[in-house]
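The structure file upload-v6.csv is reproduced below (CSV, C-alpha atoms).
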chain,number,residue,atom,x,y,z
A,1,MET,CA,35.0,134.2,79.3
A,2,SER,CA,33.3,136.5,76.8
A,3,PRO,CA,35.5,138.3,74.3
A,4,SER,CA,34.6,141.7,75.7
A,5,ALA,CA,35.5,140.7,79.2
A,6,ARG,CA,38.8,139.4,77.9
A,7,GLU,CA,39.4,142.6,76.1
A,8,GLN,CA,38.8,144.6,79.3
A,9,ALA,CA,41.0,142.3,81.3
A,10,VAL,CA,43.8,142.8,78.8
A,11,GLU,CA,43.4,146.5,79.0
A,12,THR,CA,43.5,146.5,82.8
A,13,ILE,CA,46.8,144.5,82.7
A,14,LEU,CA,48.3,146.8,80.1
A,15,GLU,CA,47.4,149.9,82.1
A,16,THR,CA,49.1,148.7,85.2
A,17,ALA,CA,51.9,146.7,83.7
A,18,ASP,CA,55.6,146.9,84.4
A,19,GLY,CA,58.2,145.9,81.8
A,20,SER,CA,58.4,142.2,82.7
A,21,LEU,CA,54.6,141.8,82.6
A,22,LEU,CA,54.5,143.6,79.2
A,23,ASP,CA,57.0,141.0,77.9
A,24,LEU,CA,54.7,138.3,79.2
A,25,VAL,CA,51.7,139.8,77.5
A,26,ASP,CA,53.6,140.0,74.3
A,27,ASN,CA,54.7,136.4,74.5
A,28,LEU,CA,51.6,134.7,75.8
A,29,LEU,CA,48.8,136.6,74.1
A,30,ASN,CA,50.4,137.3,70.8
A,31,LYS,CA,52.4,134.2,70.0
A,32,GLY,CA,52.4,130.5,70.4
A,33,VAL,CA,50.9,127.4,69.0
A,34,VAL,CA,47.5,128.1,67.6
A,35,VAL,CA,45.0,125.2,68.0
A,36,THR,CA,41.6,126.6,67.0
A,37,GLY,CA,40.1,129.8,65.8
A,38,GLU,CA,36.8,131.1,66.9
A,39,VAL,CA,34.5,134.0,66.0
A,40,MET,CA,31.3,135.3,67.6
A,41,LEU,CA,28.6,136.6,65.3
A,42,GLY,CA,25.9,138.7,66.8
A,43,LEU,CA,23.1,141.1,66.1
A,44,ALA,CA,22.3,144.3,68.0
A,45,GLY,CA,24.8,143.6,70.7
A,46,VAL,CA,23.6,140.0,71.3
A,47,ASP,CA,26.0,137.2,70.6
A,48,LEU,CA,24.1,134.6,68.6
A,49,VAL,CA,26.4,132.3,66.7
A,50,TYR,CA,29.7,131.0,67.9
A,51,VAL,CA,31.8,129.6,65.1
A,52,ARG,CA,34.7,127.4,65.7
A,53,LEU,CA,37.1,127.1,62.9
A,54,SER,CA,39.4,124.1,62.9
A,55,ALA,CA,42.4,123.9,60.7
A,56,LEU,CA,40.3,124.1,57.5
A,57,LEU,CA,42.6,126.5,55.9
A,58,CYS,CA,45.8,125.2,54.4
A,59,ALA,CA,47.9,125.6,51.4
A,60,ALA,CA,46.7,123.9,48.3
A,61,ASP,CA,50.1,122.7,47.3
A,62,ARG,CA,50.5,121.0,50.7
A,63,VAL,CA,47.2,119.2,50.5
A,64,PHE,CA,47.4,118.3,46.9
A,65,ALA,CA,51.0,117.7,46.1
A,66,ASP,CA,50.3,117.6,42.4
A,67,THR,CA,48.1,120.7,42.1
A,68,ARG,CA,50.3,122.1,39.4
A,69,LYS,CA,50.2,119.1,37.2
A,70,ASP,CA,46.4,118.8,37.6
A,71,ALA,CA,46.0,122.4,36.8
A,72,ARG,CA,47.8,122.2,33.5
A,73,PRO,CA,46.4,120.7,30.4
B,74,MET,CA,29.8,117.8,80.8
B,75,THR,CA,33.3,116.6,80.6
B,76,PRO,CA,36.0,119.2,81.1
B,77,GLY,CA,38.0,120.6,78.2
B,78,LEU,CA,41.8,120.4,77.9
B,79,TYR,CA,43.9,123.5,78.4
B,80,VAL,CA,47.0,123.2,76.2
B,81,TYR,CA,50.3,124.4,77.6
B,82,ALA,CA,52.8,123.2,75.0
B,83,VAL,CA,53.7,120.9,72.2
B,84,LEU,CA,56.7,118.7,72.9
B,85,ALA,CA,58.6,115.9,71.2
B,86,THR,CA,57.2,112.4,71.8
B,87,GLY,CA,58.4,110.7,75.0
B,88,ALA,CA,58.3,114.0,76.9
B,89,ARG,CA,57.0,113.9,80.5
B,90,ALA,CA,54.6,116.3,82.2
B,91,ASP,CA,54.9,116.2,85.9
B,92,GLY,CA,53.5,118.6,88.3
B,93,THR,CA,50.4,120.8,88.1
B,94,GLY,CA,48.9,123.4,85.8
B,95,LEU,CA,47.9,126.9,86.4
B,96,ALA,CA,44.7,126.0,88.2
B,97,GLY,CA,46.5,123.3,90.3
B,98,GLU,CA,45.2,120.6,88.0
B,99,PRO,CA,47.5,117.6,87.3
B,100,LEU,CA,49.3,117.8,84.0
B,101,ARG,CA,49.3,115.0,81.5
B,102,ILE,CA,50.7,114.2,78.0
B,103,VAL,CA,48.5,113.6,75.0
B,104,PRO,CA,50.3,111.8,72.2
B,105,CYS,CA,49.6,113.3,68.9
B,106,GLY,CA,51.4,111.3,66.3
B,107,ASP,CA,55.0,112.6,65.8
B,108,PHE,CA,54.7,114.8,68.9
B,109,ALA,CA,52.9,115.3,72.1
B,110,ALA,CA,50.9,118.0,73.9
B,111,ALA,CA,51.1,118.9,77.6
B,112,VAL,CA,47.6,119.5,78.8
B,113,GLY,CA,45.6,120.0,82.0
B,114,GLU,CA,41.8,119.4,82.4
B,115,MET,CA,39.9,122.7,82.6
B,116,ASP,CA,36.3,123.7,81.9
B,117,ASP,CA,37.1,127.1,80.4
B,118,ALA,CA,40.0,129.3,79.7
B,119,PRO,CA,41.1,131.2,82.8
B,120,ALA,CA,40.6,134.9,83.1
B,121,VAL,CA,43.4,137.1,81.6
B,122,GLU,CA,45.1,138.4,84.7
B,123,ALA,CA,48.7,139.2,85.6
B,124,ARG,CA,48.5,136.2,88.0
B,125,THR,CA,47.2,133.7,85.4
B,126,LEU,CA,49.7,134.9,82.8
B,127,ARG,CA,52.6,134.4,85.2
B,128,ALA,CA,51.2,131.0,86.2
B,129,HIS,CA,51.0,129.9,82.5
B,130,ASP,CA,54.6,131.0,82.0
B,131,SER,CA,55.7,129.1,85.1
B,132,VAL,CA,54.1,125.9,83.9
B,133,VAL,CA,55.7,126.3,80.5
B,134,ARG,CA,59.1,126.9,82.1
B,135,ALA,CA,58.7,123.8,84.3
B,136,LEU,CA,57.9,121.7,81.3
B,137,ALA,CA,60.9,123.1,79.5
B,138,GLN,CA,63.1,121.9,82.3
B,139,SER,CA,62.4,118.3,81.4
B,140,ALA,CA,62.0,118.7,77.6
B,141,GLU,CA,64.8,119.3,75.1
B,142,ALA,CA,62.4,120.9,72.7
B,143,ILE,CA,59.2,122.8,73.6
B,144,LEU,CA,56.7,124.9,71.6
B,145,PRO,CA,54.8,126.9,74.2
B,146,ALA,CA,51.1,127.4,73.5
B,147,ARG,CA,49.4,130.8,73.5
B,148,PHE,CA,47.6,131.7,76.7
B,149,GLY,CA,44.0,130.5,77.0
B,150,CYS,CA,44.0,127.7,74.5
B,151,VAL,CA,41.3,125.2,75.4
B,152,VAL,CA,40.1,122.3,73.2
B,153,LYS,CA,37.1,120.0,73.7
B,154,ASP,CA,38.9,116.7,74.0
B,155,GLU,CA,41.9,114.7,72.8
B,156,ILE,CA,40.3,114.1,69.5
B,157,ALA,CA,39.8,117.8,68.8
B,158,LEU,CA,43.4,118.4,69.9
B,159,ARG,CA,44.8,115.8,67.4
B,160,ASP,CA,42.5,117.1,64.7
B,161,ALA,CA,43.9,120.6,65.2
B,162,LEU,CA,47.5,119.6,65.4
B,163,GLN,CA,47.7,116.9,62.8
B,164,PRO,CA,47.3,119.0,59.6
B,165,ARG,CA,50.2,121.1,60.9
B,166,ALA,CA,52.5,118.2,61.7
B,167,ARG,CA,55.3,119.1,59.3
B,168,GLU,CA,55.3,122.7,60.4
B,169,LEU,CA,55.3,121.8,64.1
B,170,GLY,CA,58.0,119.1,63.5
B,171,ASP,CA,60.3,121.7,61.8
B,172,ALA,CA,59.7,124.2,64.7
B,173,LEU,CA,60.5,121.5,67.3
B,174,ARG,CA,63.8,120.7,65.6
B,175,LEU,CA,64.6,124.4,65.5
B,176,VAL,CA,64.0,125.1,69.2
B,177,ARG,CA,65.8,121.9,70.5
B,178,GLY,CA,68.1,122.9,73.3
B,179,CYS,CA,67.3,126.6,72.9
B,180,GLU,CA,65.7,129.5,74.7
B,181,GLN,CA,64.7,132.9,73.6
B,182,MET,CA,65.9,136.5,74.3
B,183,THR,CA,63.6,139.4,73.5
B,184,VAL,CA,65.3,142.6,72.3
B,185,ARG,CA,63.3,145.9,72.1
B,186,VAL,CA,64.8,148.4,69.7
B,187,TYR,CA,64.1,152.1,70.5
B,188,GLY,CA,65.0,155.2,68.6
B,189,ARG,CA,63.8,157.8,66.3
B,190,ASP,CA,62.2,156.5,63.2
B,191,ALA,CA,64.9,157.0,60.5
B,192,ALA,CA,63.3,159.5,58.2
B,193,GLY,CA,60.2,157.4,57.6
B,194,ALA,CA,60.3,154.0,56.1
B,195,PRO,CA,63.1,152.9,53.8
B,196,ALA,CA,62.4,153.9,50.2
B,197,ALA,CA,59.6,151.9,48.7
B,198,GLU,CA,61.5,151.9,45.4
B,199,PRO,CA,63.2,148.6,44.5
B,200,ALA,CA,66.7,148.3,45.7
B,201,ALA,CA,69.5,148.5,43.1
B,202,ASP,CA,70.3,144.9,43.3
B,203,GLU,CA,66.7,143.9,42.7
B,204,PRO,CA,65.9,145.2,39.3
B,205,MET,CA,62.2,145.6,38.4
B,206,THR,CA,61.1,142.7,36.3
B,207,PRO,CA,60.0,143.5,32.8
B,208,ALA,CA,57.2,141.0,33.2
B,209,GLY,CA,54.2,143.2,33.8
B,210,PRO,CA,52.1,145.1,36.3
B,211,GLY,CA,50.8,141.9,38.0
B,212,THR,CA,54.3,140.6,38.6
B,213,ASP,CA,55.4,144.1,39.8
B,214,TYR,CA,52.5,144.2,42.2
B,215,LEU,CA,53.3,140.8,43.7
B,216,VAL,CA,57.0,141.5,44.0
B,217,SER,CA,56.3,144.8,45.7
B,218,ARG,CA,54.0,143.1,48.2
B,219,GLN,CA,56.7,140.5,48.8
B,220,ARG,CA,59.2,143.3,49.6
B,221,GLU,CA,56.8,145.0,51.9
B,222,ARG,CA,56.2,141.9,53.9
B,223,ARG,CA,59.9,141.2,54.1
B,224,ARG,CA,60.6,144.8,55.2
B,225,ALA,CA,58.1,144.4,58.1
B,226,ARG,CA,60.3,141.7,59.4
B,227,GLU,CA,63.7,143.4,59.0
B,228,VAL,CA,65.5,145.4,61.5
B,229,PRO,CA,68.5,147.0,59.8
B,230,GLU,CA,69.1,149.1,63.0
B,231,LEU,CA,70.7,146.1,64.5
B,232,ASP,CA,73.2,145.5,61.7
B,233,PRO,CA,76.1,147.1,63.4
B,234,ILE,CA,76.0,144.5,66.2
B,235,ARG,CA,74.9,141.4,64.3
B,236,SER,CA,78.4,140.1,63.8
B,237,ALA,CA,79.1,140.4,67.6
B,238,LEU,CA,75.9,138.3,68.3
B,239,SER,CA,76.2,135.9,65.4
B,240,MET,CA,78.1,133.4,67.5
B,241,LEU,CA,75.2,133.1,69.9
B,242,VAL,CA,72.1,133.6,67.8
B,243,ARG,CA,70.8,130.5,66.0
B,244,GLU,CA,67.7,132.1,64.6
B,245,GLU,CA,65.9,135.4,64.6
B,246,ARG,CA,62.3,136.6,64.4
B,247,ALA,CA,61.5,140.2,64.2
B,248,GLN,CA,58.5,142.5,64.1
B,249,ARG,CA,58.6,146.2,63.3
B,250,HIS,CA,56.2,148.5,65.2
B,251,ARG,CA,54.4,151.7,64.6
B,252,THR,CA,54.7,153.2,68.0
B,253,PRO,CA,57.9,155.2,68.3
B,254,PRO,CA,60.2,155.3,70.1
B,255,LEU,CA,59.6,151.5,70.0
B,256,LEU,CA,60.9,150.6,66.5
B,257,ALA,CA,61.0,146.9,66.6
B,258,SER,CA,61.0,143.7,68.7
B,259,VAL,CA,63.6,141.1,67.9
B,260,TYR,CA,63.5,137.6,69.2
B,261,HIS,CA,66.7,135.7,69.3
B,262,LEU,CA,67.0,131.9,69.7
B,263,ILE,CA,70.1,131.1,71.7
B,264,GLY,CA,71.5,127.9,73.3
B,265,ARG,CA,70.2,127.2,76.8
B,266,GLY,CA,72.3,128.7,79.5
B,267,GLN,CA,73.8,131.4,77.3
B,268,ALA,CA,71.6,134.2,78.4
B,269,ALA,CA,74.2,135.9,80.6
B,270,VAL,CA,76.8,135.8,77.8
B,271,TYR,CA,74.3,137.1,75.4
B,272,GLN,CA,73.4,140.0,77.7
B,273,GLU,CA,77.0,140.9,78.2
B,274,THR,CA,77.8,140.7,74.5
B,275,LEU,CA,74.8,142.8,73.7
B,276,THR,CA,75.6,145.5,76.2
B,277,ARG,CA,79.2,145.7,75.0
B,278,ALA,CA,78.2,145.8,71.3
B,279,ALA,CA,75.4,148.3,71.8
B,280,ALA,CA,77.8,151.1,72.1
B,281,ALA,CA,78.2,150.8,68.3
B,282,LEU,CA,74.5,151.5,67.8
B,283,GLY,CA,74.6,155.3,68.0
B,284,ALA,CA,71.2,156.8,68.5
B,285,VAL,CA,69.4,153.5,68.7
B,286,ARG,CA,68.9,151.9,72.2
B,287,VAL,CA,68.3,148.3,72.8
B,288,SER,CA,67.2,146.4,75.9
B,289,ALA,CA,67.0,142.6,76.2
B,290,SER,CA,64.9,140.4,78.5
B,291,GLY,CA,65.1,136.7,79.0
B,292,PRO,CA,65.7,133.9,78.9
B,293,TRP,CA,62.2,133.0,77.8
B,294,PRO,CA,60.8,129.7,76.5
B,295,PRO,CA,60.8,130.0,72.7
B,296,TYR,CA,57.4,131.7,72.5
B,297,ALA,CA,58.3,133.6,69.3
B,298,PHE,CA,59.5,130.5,67.4
B,299,THR,CA,56.3,128.5,67.4
B,300,PRO,CA,54.2,128.6,64.3
B,301,GLU,CA,51.7,131.4,64.5
B,302,THR,CA,49.3,131.1,61.7
B,303,LEU,CA,47.9,128.3,59.6
B,304,VAL,CA,49.6,129.1,56.4
C,305,MET,CA,70.8,156.9,86.3
C,306,THR,CA,70.1,160.5,85.4
C,307,SER,CA,66.5,161.8,85.4
C,308,ARG,CA,66.7,162.2,81.7
C,309,ASP,CA,67.5,158.5,81.3
C,310,ALA,CA,64.6,157.6,83.5
C,311,ALA,CA,62.3,159.7,81.6
C,312,ALA,CA,63.5,158.1,78.3
C,313,GLN,CA,62.9,154.7,79.8
C,314,VAL,CA,59.4,155.6,80.9
C,315,LYS,CA,58.6,156.8,77.4
C,316,GLU,CA,60.0,153.6,76.0
C,317,LEU,CA,57.9,151.5,78.3
C,318,GLU,CA,54.8,153.5,77.3
C,319,SER,CA,55.4,152.9,73.6
C,320,LEU,CA,55.8,149.2,74.2
C,321,ARG,CA,52.5,149.3,76.2
C,322,ALA,CA,50.8,151.1,73.4
C,323,GLU,CA,52.1,148.7,70.8
C,324,LEU,CA,50.9,145.7,72.8
C,325,GLU,CA,47.5,147.2,73.4
C,326,ARG,CA,47.1,147.7,69.7
C,327,THR,CA,48.1,144.2,68.7
C,328,VAL,CA,46.6,142.3,71.5
C,329,ASN,CA,43.3,144.1,71.3
C,330,SER,CA,43.0,143.6,67.6
C,331,ALA,CA,43.6,139.9,68.1
C,332,ALA,CA,41.4,139.5,71.2
C,333,VAL,CA,38.1,140.6,69.8
C,334,PRO,CA,36.9,137.9,67.4
C,335,ARG,CA,33.4,139.3,66.9
C,336,TRP,CA,31.1,140.8,64.3
C,337,ASN,CA,28.0,142.5,65.6
C,338,ALA,CA,25.4,143.8,63.2
C,339,ASP,CA,24.1,147.2,64.4
C,340,PRO,CA,20.4,147.5,63.6
C,341,GLU,CA,20.9,151.2,62.8
C,342,GLU,CA,23.5,150.5,60.3
C,343,VAL,CA,22.7,147.1,58.9
C,344,GLN,CA,23.9,147.9,55.4
C,345,ARG,CA,27.2,149.1,56.6
C,346,SER,CA,27.7,146.2,59.0
C,347,VAL,CA,26.9,143.7,56.3
C,348,ALA,CA,29.3,145.4,53.9
C,349,LYS,CA,31.9,145.4,56.6
C,350,LEU,CA,31.6,141.7,57.3
C,351,VAL,CA,31.5,140.7,53.7
C,352,LEU,CA,34.4,142.9,52.7
C,353,THR,CA,36.4,141.8,55.7
C,354,LEU,CA,36.0,138.2,54.8
C,355,VAL,CA,37.0,138.9,51.2
C,356,GLU,CA,40.0,140.9,52.3
C,357,PHE,CA,40.9,138.1,54.7
C,358,LEU,CA,40.8,135.6,51.9
C,359,ARG,CA,42.7,138.0,49.6
C,360,GLN,CA,45.5,138.3,52.1
C,361,LEU,CA,45.6,134.5,52.5
C,362,LEU,CA,45.9,134.1,48.8
C,363,GLU,CA,48.6,136.8,48.6
C,364,ARG,CA,50.6,135.1,51.3
C,365,GLN,CA,50.3,131.8,49.5
C,366,ALA,CA,51.2,133.3,46.2
C,367,ILE,CA,54.3,134.9,47.6
C,368,ARG,CA,55.3,131.7,49.2
C,369,ARG,CA,54.9,129.8,46.0
C,370,MET,CA,56.7,132.5,44.1
C,371,GLU,CA,59.6,132.3,46.5
C,372,ALA,CA,59.6,128.5,46.2
C,373,ASP,CA,59.8,128.9,42.4
C,374,SER,CA,56.7,126.7,42.0
C,375,LEU,CA,54.9,129.2,39.7
C,376,THR,CA,55.6,130.0,36.1
C,377,PRO,CA,56.2,133.7,35.2
C,378,GLU,CA,52.8,133.7,33.5
C,379,GLU,CA,51.1,132.4,36.6
C,380,VAL,CA,52.9,135.0,38.7
C,381,GLU,CA,51.7,137.8,36.4
C,382,ALA,CA,48.1,136.5,36.3
C,383,ILE,CA,47.9,136.0,40.1
C,384,GLY,CA,49.4,139.4,40.7
C,385,THR,CA,47.0,141.1,38.4
C,386,ALA,CA,44.1,139.4,40.0
C,387,LEU,CA,45.2,140.3,43.6
C,388,MET,CA,45.8,143.9,42.5
C,389,ARG,CA,42.3,144.2,41.1
C,390,LEU,CA,40.8,142.5,44.1
C,391,GLU,CA,42.5,145.0,46.4
C,392,GLU,CA,41.2,147.9,44.3
C,393,THR,CA,37.7,146.4,44.3
C,394,VAL,CA,37.6,145.9,48.1
C,395,ARG,CA,38.9,149.5,48.6
C,396,ASP,CA,36.4,151.0,46.2
C,397,LEU,CA,33.4,149.1,47.6
C,398,GLY,CA,34.5,149.9,51.2
C,399,ALA,CA,34.7,153.6,50.4
C,400,ARG,CA,31.1,153.6,49.3
C,401,PHE,CA,30.1,152.5,52.8
C,402,GLY,CA,32.6,154.8,54.4
C,403,LEU,CA,34.9,152.0,55.4
C,404,LYS,CA,38.6,152.5,55.5
C,405,PRO,CA,41.1,149.6,54.8
C,406,GLU,CA,41.9,149.4,58.6
C,407,ASP,CA,38.2,148.9,59.3
C,408,LEU,CA,38.2,145.7,57.4
C,409,ASN,CA,40.1,143.8,60.1
C,410,LEU,CA,37.8,141.2,61.7
C,411,ASP,CA,40.4,139.2,63.5
C,412,LEU,CA,39.8,135.6,64.1
C,413,GLY,CA,41.2,135.5,67.6
C,414,PRO,CA,43.5,132.6,68.3
C,415,LEU,CA,44.0,131.9,64.6
C,416,GLY,CA,46.6,134.6,64.8
C,417,ARG,CA,46.8,138.1,63.5
C,418,LEU,CA,45.8,137.3,60.0
C,419,LEU,CA,45.6,140.7,58.5

Mind converting the file's structure to structure tokens?
Amino acid sequence: MSPSAREQAVETILETADGSLLDLVDNLLNKGVVVTGEVMLGLAGVDLVYVRLSALLCAADRVFADTRKDARP
Amino acid sequence: MTPGLYVYAVLATGARADGTGLAGEPLRIVPCGDFAAAVGEMDDAPAVEARTLRAHDSVVRALAQSAEAILPARFGCVVKDEIALRDALQPRARELGDALRLVRGCEQMTVRVYGRDAAGAPAAEPAADEPMTPAGPGTDYLVSRQRERRRAREVPELDPIRSALSMLVREERAQRHRTPPLLASVYHLIGRGQAAVYQETLTRAAAALGAVRVSASGPWPPYAFTPETLV
Amino acid sequence: MTSRDAAAQVKELESLRAELERTVNSAAVPRWNADPEEVQRSVAKLVLTLVEFLRQLLERQAIRRMEADSLTPEEVEAIGTALMRLEETVRDLGARFGLKPEDLNLDLGPLGRLL
């Protein structure tokens, strides 16, 4: 499903939503375990490159336990 | 092309996944080191519709029935295969492990806080008990950003009823909003089976809130207590 | 229930809906699309958004480390100064292309609301 179709679908749901469905949207689309990230790059309205970001980003002090020591002379 | 895996939840190891997923596909467990993921085979994420959202929620609720601890996945999370799933979860093992311990035996109540915004935001000035550091502009800047971030997660409007709820609430997540009269959403982690007592307690205590109105929904699987970002 | 209560509840529901629309939509559009008519502005927007994204990641991390007491006061001061200047720089460069801070919010979808 393309991002814009998804966006439209979300809008449609929100327009017609009752309270319990709004809670569901809040819970299911906003929160939860995140497994991958993705971004679509395009030119002139055409999607060209799809980038999938795996968990590349993490805190330096978690990866390198001794960052501080290494960083100090 | 082999189908991808739709992720429903992260569970403790040894968890079972009986039944079917939101497209009727059989569920199975993928062991991922210290925990496990409940998945179903699916080519692509399903369309975002009221029906599919409800179906996702039902699958998560059914999984929660047989699992002491569950971290529900966001809707529409599809990974290529088991290897991709492990690669994505493994770097976050510690965070996910902590979250699984937190939600063990618990479920979530969602409280919406409505009212008139109390004369704008609380003063941006440092509180009296937090004196400005004499360190320098860089430190002042970082400390002020820290306070700003903290304030976005605080709901002082609920203070008058916190003591009444404290017996039931094990953990809280909160988010302030910018769309009055909705001031904030507060997510409370409570023991399973205590939703009715919670509702009763909240309704009774809410009289002390004055102009602020609250309404709670639940119980929910602990959606708001799963790690949300990578850092 | 009085009609006044009912009206209040409709208003409350509306504001919840508006809030969700705001957050869900900002998180559901992970795309950058260069507009041929405005390539300069589009490129500036992408670059500045990525810089702002990284700046916020660094800020979060710095705050976390500060709270965990794993930074010396000198480090806190130096990092804070750098983040402050970086924020000013992003804002100034953005203004040259007519970009407001809220325009610099390319969300990375399922990664979560990062900004």

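The two atoms in question, CA of Gly106 in chain B and CA of His129 in chain B, are spaced 24.7 Å apart.
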
| Got a sec to pull out which chain B residues are within 10 Å of chain C, counting all atoms listed in the file, and send them as a VMD selection string? | chain B and resid 147 to 150 185 to 188 208 to 216 218 to 220 222 250 to 258 286 300 to 304

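Of the residues under consideration (B:Gly283, B:Gly92, B:Pro119, B:Pro76), B:Gly92 shows the shortest atom-to-atom contact distance to Val133 in chain B when counting only C-alpha atoms.
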
| query | Could you work out how far CA of Val242 in chain B lies from CA of Ile263 in chain B, giving the answer in Å with one decimal? | reply | 5.0 Å

Identify all chain B residues at most 8 Å from chain A by counting only C-alpha atoms; ligands do not count. Present them as a short mmCIF file (atom, residue, chain, number, x, y, z; two decimals) with C-alpha atoms, in the frame of the given file.
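This went into part-v1.cif:
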data_model
loop_
_atom_site.label_atom_id
_atom_site.label_comp_id
_atom_site.auth_asym_id
_atom_site.auth_seq_id
_atom_site.Cartn_x
_atom_site.Cartn_y
_atom_site.Cartn_z
CA ALA B 82 52.80 123.20 75.00
CA VAL B 83 53.70 120.90 72.20
CA ASP B 117 37.10 127.10 80.40
CA ALA B 118 40.00 129.30 79.70
CA PRO B 119 41.10 131.20 82.80
CA ALA B 120 40.60 134.90 83.10
CA VAL B 121 43.40 137.10 81.60
CA GLU B 122 45.10 138.40 84.70
CA ALA B 123 48.70 139.20 85.60
CA LEU B 126 49.70 134.90 82.80
CA ARG B 127 52.60 134.40 85.20
CA ASP B 130 54.60 131.00 82.00
CA LEU B 144 56.70 124.90 71.60
CA PRO B 145 54.80 126.90 74.20
CA ALA B 146 51.10 127.40 73.50
CA ARG B 147 49.40 130.80 73.50
CA PHE B 148 47.60 131.70 76.70
CA CYS B 150 44.00 127.70 74.50
CA VAL B 152 40.10 122.30 73.20
CA LEU B 158 43.40 118.40 69.90
CA ASP B 160 42.50 117.10 64.70
CA ALA B 161 43.90 120.60 65.20
CA LEU B 162 47.50 119.60 65.40
CA PRO B 164 47.30 119.00 59.60
CA SER B 290 64.90 140.40 78.50
CA TYR B 296 57.40 131.70 72.50
CA ALA B 297 58.30 133.60 69.30
CA PHE B 298 59.50 130.50 67.40
CA THR B 299 56.30 128.50 67.40
CA PRO B 300 54.20 128.60 64.30
CA GLU B 301 51.70 131.40 64.50
CA THR B 302 49.30 131.10 61.70
CA LEU B 303 47.90 128.30 59.60
CA VAL B 304 49.60 129.10 56.40
#

| Gly77 in chain B: which residues within 8 Å, counting only C-alpha atoms, same-chain residues fewer than 3 positions away excluded, as a list in words? | Glu114, Met115, Asp116, Asp117, Val151, Val152, Lys153 and Asp154 of chain B

Go ahead and dump the residues you just picked, C-alpha atoms, as a tab-separated table (two decimals), keeping the file's coordinate frame.
chain	number	residue	atom	x	y	z
B	114	GLU	CA	41.80	119.40	82.40
B	115	MET	CA	39.90	122.70	82.60
B	116	ASP	CA	36.30	123.70	81.90
B	117	ASP	CA	37.10	127.10	80.40
B	151	VAL	CA	41.30	125.20	75.40
B	152	VAL	CA	40.10	122.30	73.20
B	153	LYS	CA	37.10	120.00	73.70
B	154	ASP	CA	38.90	116.70	74.00

| message | List the spatial neighbours of range 399-407 of chain C as an MDAnalysis selection string - criterion: any atom at most 8 Å away, all atoms listed in the file, same-chain residues fewer than 5 positions off excluded. | response | chainID C and resid 345 348:349

| query | Looking at C:Leu408, C:Val355, C:Leu375, C:Ala311, which one is nearest to chain A, with distances taken over all atoms listed in the file? | reply |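 For chain A, the nearest of the given residues is C:Leu375.
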
| request: Do a neighbour search on range 174-180 of chain B at 10 Å with only C-alpha atoms, toss out local chain neighbours closer than 2 positions, and write the hits as a count of residues only. | output: 32

| message | One number please: CA of Tyr271 in chain B to CA of Tyr81 in chain B, in Å, one decimal. | response | 27.2 Å

Just add N, CA and C atoms to range 215-226 of chain B and send it as an mmCIF file, in the frame of the given file.
data_model
loop_
_atom_site.group_PDB
_atom_site.id
_atom_site.type_symbol
_atom_site.label_atom_id
_atom_site.label_comp_id
_atom_site.auth_asym_id
_atom_site.auth_seq_id
_atom_site.Cartn_x
_atom_site.Cartn_y
_atom_site.Cartn_z
ATOM 1 N N LEU B 215 52.991 141.867 42.784
ATOM 2 C CA LEU B 215 53.300 140.800 43.700
ATOM 3 C C LEU B 215 54.676 140.910 44.307
ATOM 4 N N VAL B 216 55.635 141.323 43.476
ATOM 5 C CA VAL B 216 57.000 141.500 44.000
ATOM 6 C C VAL B 216 57.065 142.626 44.995
ATOM 7 N N SER B 217 56.298 143.700 44.752
ATOM 8 C CA SER B 217 56.300 144.800 45.700
ATOM 9 C C SER B 217 55.694 144.397 47.034
ATOM 10 N N ARG B 218 54.653 143.580 46.965
ATOM 11 C CA ARG B 218 54.000 143.100 48.200
ATOM 12 C C ARG B 218 55.008 142.179 48.971
ATOM 13 N N GLN B 219 55.749 141.395 48.203
ATOM 14 C CA GLN B 219 56.700 140.500 48.800
ATOM 15 C C GLN B 219 57.774 141.336 49.570
ATOM 16 N N ARG B 220 58.235 142.446 48.934
ATOM 17 C CA ARG B 220 59.200 143.300 49.600
ATOM 18 C C ARG B 220 58.657 143.961 50.819
ATOM 19 N N GLU B 221 57.395 144.412 50.717
ATOM 20 C CA GLU B 221 56.800 145.000 51.900
ATOM 21 C C GLU B 221 56.688 144.097 53.053
ATOM 22 N N ARG B 222 56.282 142.864 52.774
ATOM 23 C CA ARG B 222 56.200 141.900 53.900
ATOM 24 C C ARG B 222 57.545 141.583 54.449
ATOM 25 N N ARG B 223 58.546 141.529 53.588
ATOM 26 C CA ARG B 223 59.900 141.200 54.100
ATOM 27 C C ARG B 223 60.393 142.401 54.947
ATOM 28 N N ARG B 224 60.104 143.628 54.488
ATOM 29 C CA ARG B 224 60.600 144.800 55.200
ATOM 30 C C ARG B 224 59.978 144.879 56.624
ATOM 31 N N ALA B 225 58.737 144.397 56.760
ATOM 32 C CA ALA B 225 58.100 144.400 58.100
ATOM 33 C C ALA B 225 58.793 143.512 59.070
ATOM 34 N N ARG B 226 59.634 142.622 58.556
ATOM 35 C CA ARG B 226 60.300 141.700 59.400
ATOM 36 C C ARG B 226 61.834 141.957 59.471
#
